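Undergrad: Dumping the structure here so I can ask a few things about it.
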Amino acid sequence: MHPALAGDLSRLPELLQSARDVAAHEAEALAERPVAVSGTAPPPEPLPEDGAGADVALARFAERWAPGFSGSAGPRYLGFVTAGATPASLAGDWLTSAFDQNLSGAGGSWAQELERQTVAWLRELFGLGEAHSGAFVTGATASNTVGLAIGREWLGERLGVDVSRAGAAALGPVDVLSGSPHSSVPKAMSVLGIGRDRLRKVPLLPGNREAVDVAALESALAGLDGRPAIVVANAGTVNTVDFDDLRAIAALKERYDFWLHVDAAFGGFAALAPEHAALVDGLDAADSVCVDLHKWLNVPYDAAVQFTRRRDLQVKVFHNASPYLGLPAGEPDFLHLTPENSRRLRALPAWFSLVAYGRAGHREIVERNVALARRLGAGVDALPGLRLLAPVRLNVVCFTLAEDPTQERVDALARAVAASGEAYVTPTVHGGVPGLRAAFSNWRTTEADTERVLRVLAAASG
């Protein structure tokens, strides 16, 4: 054994304790860590030849790289929809690496059954029925890709084509209809051979909405003359967290032939809060569903889940035909359900957090984040230099400069907020107007954090 490996093995408990001390210090100081870090990263170094051991690696990381890591897991990082990691999910993530289970298949381990249990809990959490099966994937992009891949196979079933064998070209042109699709949808269409240009944008409801006009969607479906299609509905749009009328869209399946995929990456968590659960009414009627767990469930990157009613088609798409991997009979191993063969136990952090805090604990996070978003929205609305671009519907505040909101001036505002180290928001365009969006999803965020963000916005926009 290499001397550095042998030395680390002999000191493994001490090394883990040292790593624990660094992590505990960072976690304790996270609330006051600069939310965004500027400056230049250290220059590249040559590849070490012999290695210096884990203790030196830890010290070098703490000195050289850790100072440049942002506080994106903290309470005032409002960019994208980036949450943090609850204490329980962080513990689960550490144990995921310690046990290092390969979730390709059973492999003489109970780990696969833990993932199945966790998927079943999440299915219940989001109000889906037992007809939906699921699996863990890396994020919303992977989840949307899996859902659309199953939908593509369903199109083949309707048209008499085995897409998994003949390829996407055998389908001919595919129509994917959506009102405000996330950018991961055309990306998935590109990966799947459907083509980005086959995305057909359907008109939205009037009044500065991002929700699809269901009447316009019906008209578009009628114009297909019976040819099956894929409809991507949104349960929470990126800019304003608007929701399509899922129940009304699902009702169209009585007259038109389409696969209904619902992108509920973070909006699906509305199901946890009684005040907002009606927004996802009809989610259970979807043929496939995307939910991103490293958003509002507050588990570490990377973790998402996909659900579908057609596991048989999912197996057709993703099964791995090799004698040493086994055949996808009965309850298929997960390697037959997602693009990955090698899969880490992403379910364990979610299992830990659900056991530790239950439905009620995660509902409290959702409700608190929504209340804080409304508080920030009211504060932005009261600032003379800013204005809201849309109502605060759930957990995202979309706003811009009150006067002359050019892209250059809005970008400058975003840079000023980031440079303060107090907060971070991301740019967007809504209704043709450049703006910023502040997304609340972190379990740590409090009223005091919201007031600090408001003070930064007031100073930067004044």
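FYI, nothing fancy with the structure tokens labels: chains A, B, ... in order, residues from 1 per chain, ligands from 1 as they appear.
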Just want the 12 Å neighbourhood of Arg123 of chain A, counted on only C-alpha atoms, with same-chain residues fewer than 3 positions away dropped. Output as number ranges by chain.
TA: A: 116-120, 126-136, 268-269, 271-272, 283-284, 289-291, 305-309
Undergrad: For Ala98 of chain A, work out the shell of residues within 12 Å, counting only C-alpha atoms and skipping chain neighbours fewer than 3 positions away, then give it as a PyMOL selection string.
TA: chain A and resi 12+16+91-95+101-102+344-345+348
Undergrad: Could you list, with a cut-off of 9 Å and counting only C-alpha atoms, the residues of segment 86-166 of chain A near segment 225-238 of chain A, each shown with its nearest atom pair and the distance in Å rounded to one decimal, rows sorted by chain and ascending number, as CSV?
TA:
```
residue,atom,partner,partner_atom,distance
A:Leu148,CA,A:Ile230,CA,8.0
A:Gly151,CA,A:Ile230,CA,6.7
A:Arg152,CA,A:Ile230,CA,7.9
A:Leu155,CA,A:Pro228,CA,6.4
A:Arg158,CA,A:Pro228,CA,7.1
A:Leu159,CA,A:Pro228,CA,8.1
```
Undergrad: Store the residues picked out above in a file with all heavy atoms, as a PDB file, in the first residue's frame.
TA:
```
ATOM      1  N   LEU A 148     -39.617  13.270 -20.203  1.00  0.00           N
ATOM      2  CA  LEU A 148     -39.843  13.442 -21.639  1.00  0.00           C
ATOM      3  C   LEU A 148     -39.390  12.215 -22.423  1.00  0.00           C
ATOM      4  O   LEU A 148     -39.961  11.912 -23.483  1.00  0.00           O
ATOM      5  CB  LEU A 148     -39.123  14.695 -22.132  1.00  0.00           C
ATOM      6  CG  LEU A 148     -39.666  16.023 -21.599  1.00  0.00           C
ATOM      7  CD1 LEU A 148     -38.873  17.199 -22.155  1.00  0.00           C
ATOM      8  CD2 LEU A 148     -41.143  16.186 -21.948  1.00  0.00           C
ATOM      9  N   GLY A 151     -42.224   9.985 -22.213  1.00  0.00           N
ATOM     10  CA  GLY A 151     -43.244  10.511 -23.108  1.00  0.00           C
ATOM     11  C   GLY A 151     -42.930  10.237 -24.566  1.00  0.00           C
ATOM     12  O   GLY A 151     -43.828   9.944 -25.366  1.00  0.00           O
ATOM     13  N   ARG A 152     -41.669  10.327 -24.942  1.00  0.00           N
ATOM     14  CA  ARG A 152     -41.258  10.006 -26.311  1.00  0.00           C
ATOM     15  C   ARG A 152     -41.561   8.546 -26.631  1.00  0.00           C
ATOM     16  O   ARG A 152     -42.032   8.217 -27.734  1.00  0.00           O
ATOM     17  CB  ARG A 152     -39.762  10.281 -26.469  1.00  0.00           C
ATOM     18  CG  ARG A 152     -39.211  10.090 -27.864  1.00  0.00           C
ATOM     19  CD  ARG A 152     -37.698  10.181 -27.880  1.00  0.00           C
ATOM     20  NE  ARG A 152     -37.085   9.115 -27.079  1.00  0.00           N
ATOM     21  CZ  ARG A 152     -35.775   8.926 -26.953  1.00  0.00           C
ATOM     22  NH1 ARG A 152     -34.928   9.751 -27.565  1.00  0.00           N
ATOM     23  NH2 ARG A 152     -35.305   7.943 -26.213  1.00  0.00           N
ATOM     24  N   LEU A 155     -45.226   8.198 -27.260  1.00  0.00           N
ATOM     25  CA  LEU A 155     -45.572   8.609 -28.621  1.00  0.00           C
ATOM     26  C   LEU A 155     -45.350   7.463 -29.591  1.00  0.00           C
ATOM     27  O   LEU A 155     -46.179   7.212 -30.490  1.00  0.00           O
ATOM     28  CB  LEU A 155     -44.725   9.808 -29.047  1.00  0.00           C
ATOM     29  CG  LEU A 155     -45.036  11.163 -28.437  1.00  0.00           C
ATOM     30  CD1 LEU A 155     -43.990  12.182 -28.871  1.00  0.00           C
ATOM     31  CD2 LEU A 155     -46.429  11.640 -28.840  1.00  0.00           C
ATOM     32  N   ARG A 158     -48.118   5.002 -29.389  1.00  0.00           N
ATOM     33  CA  ARG A 158     -49.326   5.475 -30.066  1.00  0.00           C
ATOM     34  C   ARG A 158     -49.205   5.396 -31.584  1.00  0.00           C
ATOM     35  O   ARG A 158     -50.202   5.235 -32.286  1.00  0.00           O
ATOM     36  CB  ARG A 158     -49.622   6.923 -29.655  1.00  0.00           C
ATOM     37  CG  ARG A 158     -49.725   7.149 -28.157  1.00  0.00           C
ATOM     38  CD  ARG A 158     -50.828   6.344 -27.533  1.00  0.00           C
ATOM     39  NE  ARG A 158     -52.154   6.818 -27.929  1.00  0.00           N
ATOM     40  CZ  ARG A 158     -53.283   6.135 -27.765  1.00  0.00           C
ATOM     41  NH1 ARG A 158     -53.228   4.910 -27.251  1.00  0.00           N
ATOM     42  NH2 ARG A 158     -54.436   6.652 -28.129  1.00  0.00           N
ATOM     43  N   LEU A 159     -47.973   5.531 -32.086  1.00  0.00           N
ATOM     44  CA  LEU A 159     -47.760   5.572 -33.534  1.00  0.00           C
ATOM     45  C   LEU A 159     -47.244   4.247 -34.092  1.00  0.00           C
ATOM     46  O   LEU A 159     -46.948   4.150 -35.291  1.00  0.00           O
ATOM     47  CB  LEU A 159     -46.767   6.687 -33.879  1.00  0.00           C
ATOM     48  CG  LEU A 159     -47.230   8.111 -33.542  1.00  0.00           C
ATOM     49  CD1 LEU A 159     -46.090   9.098 -33.736  1.00  0.00           C
ATOM     50  CD2 LEU A 159     -48.434   8.502 -34.407  1.00  0.00           C
TER      51      LEU A 159
END
```
Undergrad: I'd like the interatomic distance between atom CA of Val433 of chain A and atom CA of Thr141 of chain A, to a tenth of an Å.
TA: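 According to the coordinates, atom CA of Val433 of chain A and atom CA of Thr141 of chain A are separated by 26.0 Å.
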Undergrad: Could you go through segment 257-380 of chain A and tell me which residues DSSP, when run on the backbone, assigns to alpha helix (DSSP H), listing them as JSON, numbers by chain?
TA: {"A": [293, 294, 295, 296, 311, 312, 313, 314, 315, 316, 317, 318, 347, 348, 349, 350, 351, 352, 353, 354, 355, 356, 357, 358, 359, 360, 361, 362, 363, 364, 365, 366, 367, 368, 369, 370, 371, 372, 373, 374, 375, 376, 377, 378, 379, 380]}
Undergrad: Take the residues from that selection and write them out as a compact mmCIF listing (two decimals), in the first residue's frame, keeping N, CA and C atoms.
TA:
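Done, and the output landed in part36.txt:
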```txt
# COMPACT_ATOMS: atom_id res chain seq x y z
N LEU A 293 -35.30 18.16 -5.34
CA LEU A 293 -35.24 18.10 -3.88
C LEU A 293 -34.16 18.97 -3.27
N HIS A 294 -33.10 19.30 -4.03
CA HIS A 294 -32.11 20.21 -3.45
C HIS A 294 -32.57 21.67 -3.56
N LYS A 295 -33.82 21.82 -3.90
CA LYS A 295 -34.45 23.13 -3.77
C LYS A 295 -35.18 23.15 -2.42
N TRP A 296 -36.49 22.99 -2.42
CA TRP A 296 -37.24 23.28 -1.21
C TRP A 296 -37.24 22.17 -0.15
N ARG A 311 -44.16 2.94 -15.73
CA ARG A 311 -42.85 2.35 -15.46
C ARG A 311 -42.46 1.36 -16.55
N ASP A 312 -43.45 0.70 -17.16
CA ASP A 312 -43.12 -0.25 -18.22
C ASP A 312 -42.40 0.44 -19.38
N LEU A 313 -42.86 1.64 -19.74
CA LEU A 313 -42.19 2.37 -20.81
C LEU A 313 -40.84 2.91 -20.33
N GLN A 314 -40.75 3.26 -19.06
CA GLN A 314 -39.48 3.74 -18.51
C GLN A 314 -38.42 2.64 -18.62
N VAL A 315 -38.80 1.42 -18.32
CA VAL A 315 -37.87 0.30 -18.44
C VAL A 315 -37.46 0.08 -19.89
N LYS A 316 -38.40 0.25 -20.83
CA LYS A 316 -38.05 0.09 -22.24
C LYS A 316 -36.96 1.08 -22.65
N VAL A 317 -37.06 2.31 -22.14
CA VAL A 317 -36.09 3.34 -22.51
C VAL A 317 -34.74 3.09 -21.85
N PHE A 318 -34.73 2.79 -20.55
CA PHE A 318 -33.50 2.88 -19.78
C PHE A 318 -32.90 1.53 -19.37
N ALA A 347 -30.93 9.08 -1.89
CA ALA A 347 -32.15 9.03 -1.07
C ALA A 347 -31.86 9.20 0.42
N LEU A 348 -30.63 8.89 0.87
CA LEU A 348 -30.38 8.87 2.31
C LEU A 348 -30.52 10.25 2.96
N PRO A 349 -29.96 11.34 2.39
CA PRO A 349 -30.19 12.65 3.00
C PRO A 349 -31.67 13.01 3.09
N ALA A 350 -32.45 12.70 2.03
CA ALA A 350 -33.89 12.98 2.07
C ALA A 350 -34.57 12.13 3.13
N TRP A 351 -34.19 10.86 3.24
CA TRP A 351 -34.76 9.98 4.27
C TRP A 351 -34.49 10.56 5.65
N PHE A 352 -33.24 10.99 5.90
CA PHE A 352 -32.89 11.57 7.19
C PHE A 352 -33.76 12.79 7.49
N SER A 353 -33.91 13.68 6.50
CA SER A 353 -34.64 14.92 6.76
C SER A 353 -36.13 14.64 6.98
N LEU A 354 -36.68 13.69 6.25
CA LEU A 354 -38.10 13.37 6.43
C LEU A 354 -38.35 12.70 7.78
N VAL A 355 -37.43 11.83 8.20
CA VAL A 355 -37.58 11.20 9.51
C VAL A 355 -37.40 12.24 10.63
N ALA A 356 -36.43 13.13 10.44
CA ALA A 356 -36.11 14.10 11.50
C ALA A 356 -37.20 15.16 11.67
N TYR A 357 -37.79 15.63 10.56
CA TYR A 357 -38.68 16.79 10.64
C TYR A 357 -40.10 16.51 10.15
N GLY A 358 -40.30 15.40 9.46
CA GLY A 358 -41.64 15.01 9.05
C GLY A 358 -42.31 16.00 8.13
N ARG A 359 -43.56 15.72 7.85
CA ARG A 359 -44.35 16.62 7.00
C ARG A 359 -44.47 18.00 7.64
N ALA A 360 -44.68 18.02 8.95
CA ALA A 360 -44.92 19.31 9.63
C ALA A 360 -43.69 20.20 9.58
N GLY A 361 -42.50 19.63 9.78
CA GLY A 361 -41.29 20.44 9.74
C GLY A 361 -41.03 21.04 8.38
N HIS A 362 -41.23 20.26 7.35
CA HIS A 362 -41.01 20.78 6.00
C HIS A 362 -42.13 21.74 5.58
N ARG A 363 -43.34 21.52 6.10
CA ARG A 363 -44.41 22.49 5.84
C ARG A 363 -44.06 23.84 6.46
N GLU A 364 -43.48 23.82 7.66
CA GLU A 364 -43.10 25.08 8.31
C GLU A 364 -42.07 25.84 7.48
N ILE A 365 -41.11 25.13 6.88
CA ILE A 365 -40.11 25.79 6.02
C ILE A 365 -40.80 26.47 4.85
N VAL A 366 -41.70 25.75 4.20
CA VAL A 366 -42.43 26.30 3.04
C VAL A 366 -43.22 27.54 3.45
N GLU A 367 -43.99 27.43 4.52
CA GLU A 367 -44.86 28.54 4.92
C GLU A 367 -44.04 29.74 5.37
N ARG A 368 -42.94 29.50 6.05
CA ARG A 368 -42.09 30.61 6.49
C ARG A 368 -41.45 31.30 5.28
N ASN A 369 -40.95 30.53 4.33
CA ASN A 369 -40.35 31.11 3.14
C ASN A 369 -41.36 31.95 2.36
N VAL A 370 -42.58 31.47 2.24
CA VAL A 370 -43.61 32.23 1.53
C VAL A 370 -43.90 33.54 2.26
N ALA A 371 -44.00 33.48 3.59
CA ALA A 371 -44.26 34.69 4.36
C ALA A 371 -43.11 35.69 4.21
N LEU A 372 -41.88 35.19 4.18
CA LEU A 372 -40.73 36.09 4.04
C LEU A 372 -40.67 36.68 2.63
N ALA A 373 -41.04 35.90 1.63
CA ALA A 373 -41.08 36.44 0.26
C ALA A 373 -42.10 37.58 0.17
N ARG A 374 -43.24 37.39 0.79
CA ARG A 374 -44.24 38.45 0.80
C ARG A 374 -43.72 39.69 1.53
N ARG A 375 -42.99 39.46 2.61
CA ARG A 375 -42.43 40.57 3.38
C ARG A 375 -41.42 41.35 2.52
N LEU A 376 -40.55 40.61 1.81
CA LEU A 376 -39.59 41.29 0.94
C LEU A 376 -40.31 42.01 -0.19
N GLY A 377 -41.34 41.36 -0.75
CA GLY A 377 -42.10 42.00 -1.83
C GLY A 377 -42.72 43.31 -1.40
N ALA A 378 -43.30 43.32 -0.20
CA ALA A 378 -43.89 44.56 0.31
C ALA A 378 -42.82 45.62 0.53
N GLY A 379 -41.63 45.18 1.00
CA GLY A 379 -40.55 46.13 1.21
C GLY A 379 -40.03 46.70 -0.10
N VAL A 380 -39.89 45.85 -1.12
CA VAL A 380 -39.46 46.32 -2.44
C VAL A 380 -40.46 47.31 -3.00
```
Undergrad: Measuring between only C-alpha atoms, which one of A:Val262, A:Ala52, A:Leu337, A:Ala414 shows the shortest distance to His2 of chain A?
TA: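 Ranked by minimum distance to His2 of chain A, first place goes to A:Ala52.
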Undergrad: I'd like to know which of A:Leu204, A:Pro67, A:Ala270, A:Asp55 is closest to Ala41 of chain A, using only C-alpha atoms.
TA: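 Closest residue, counting only C-alpha atoms: A:Pro67.
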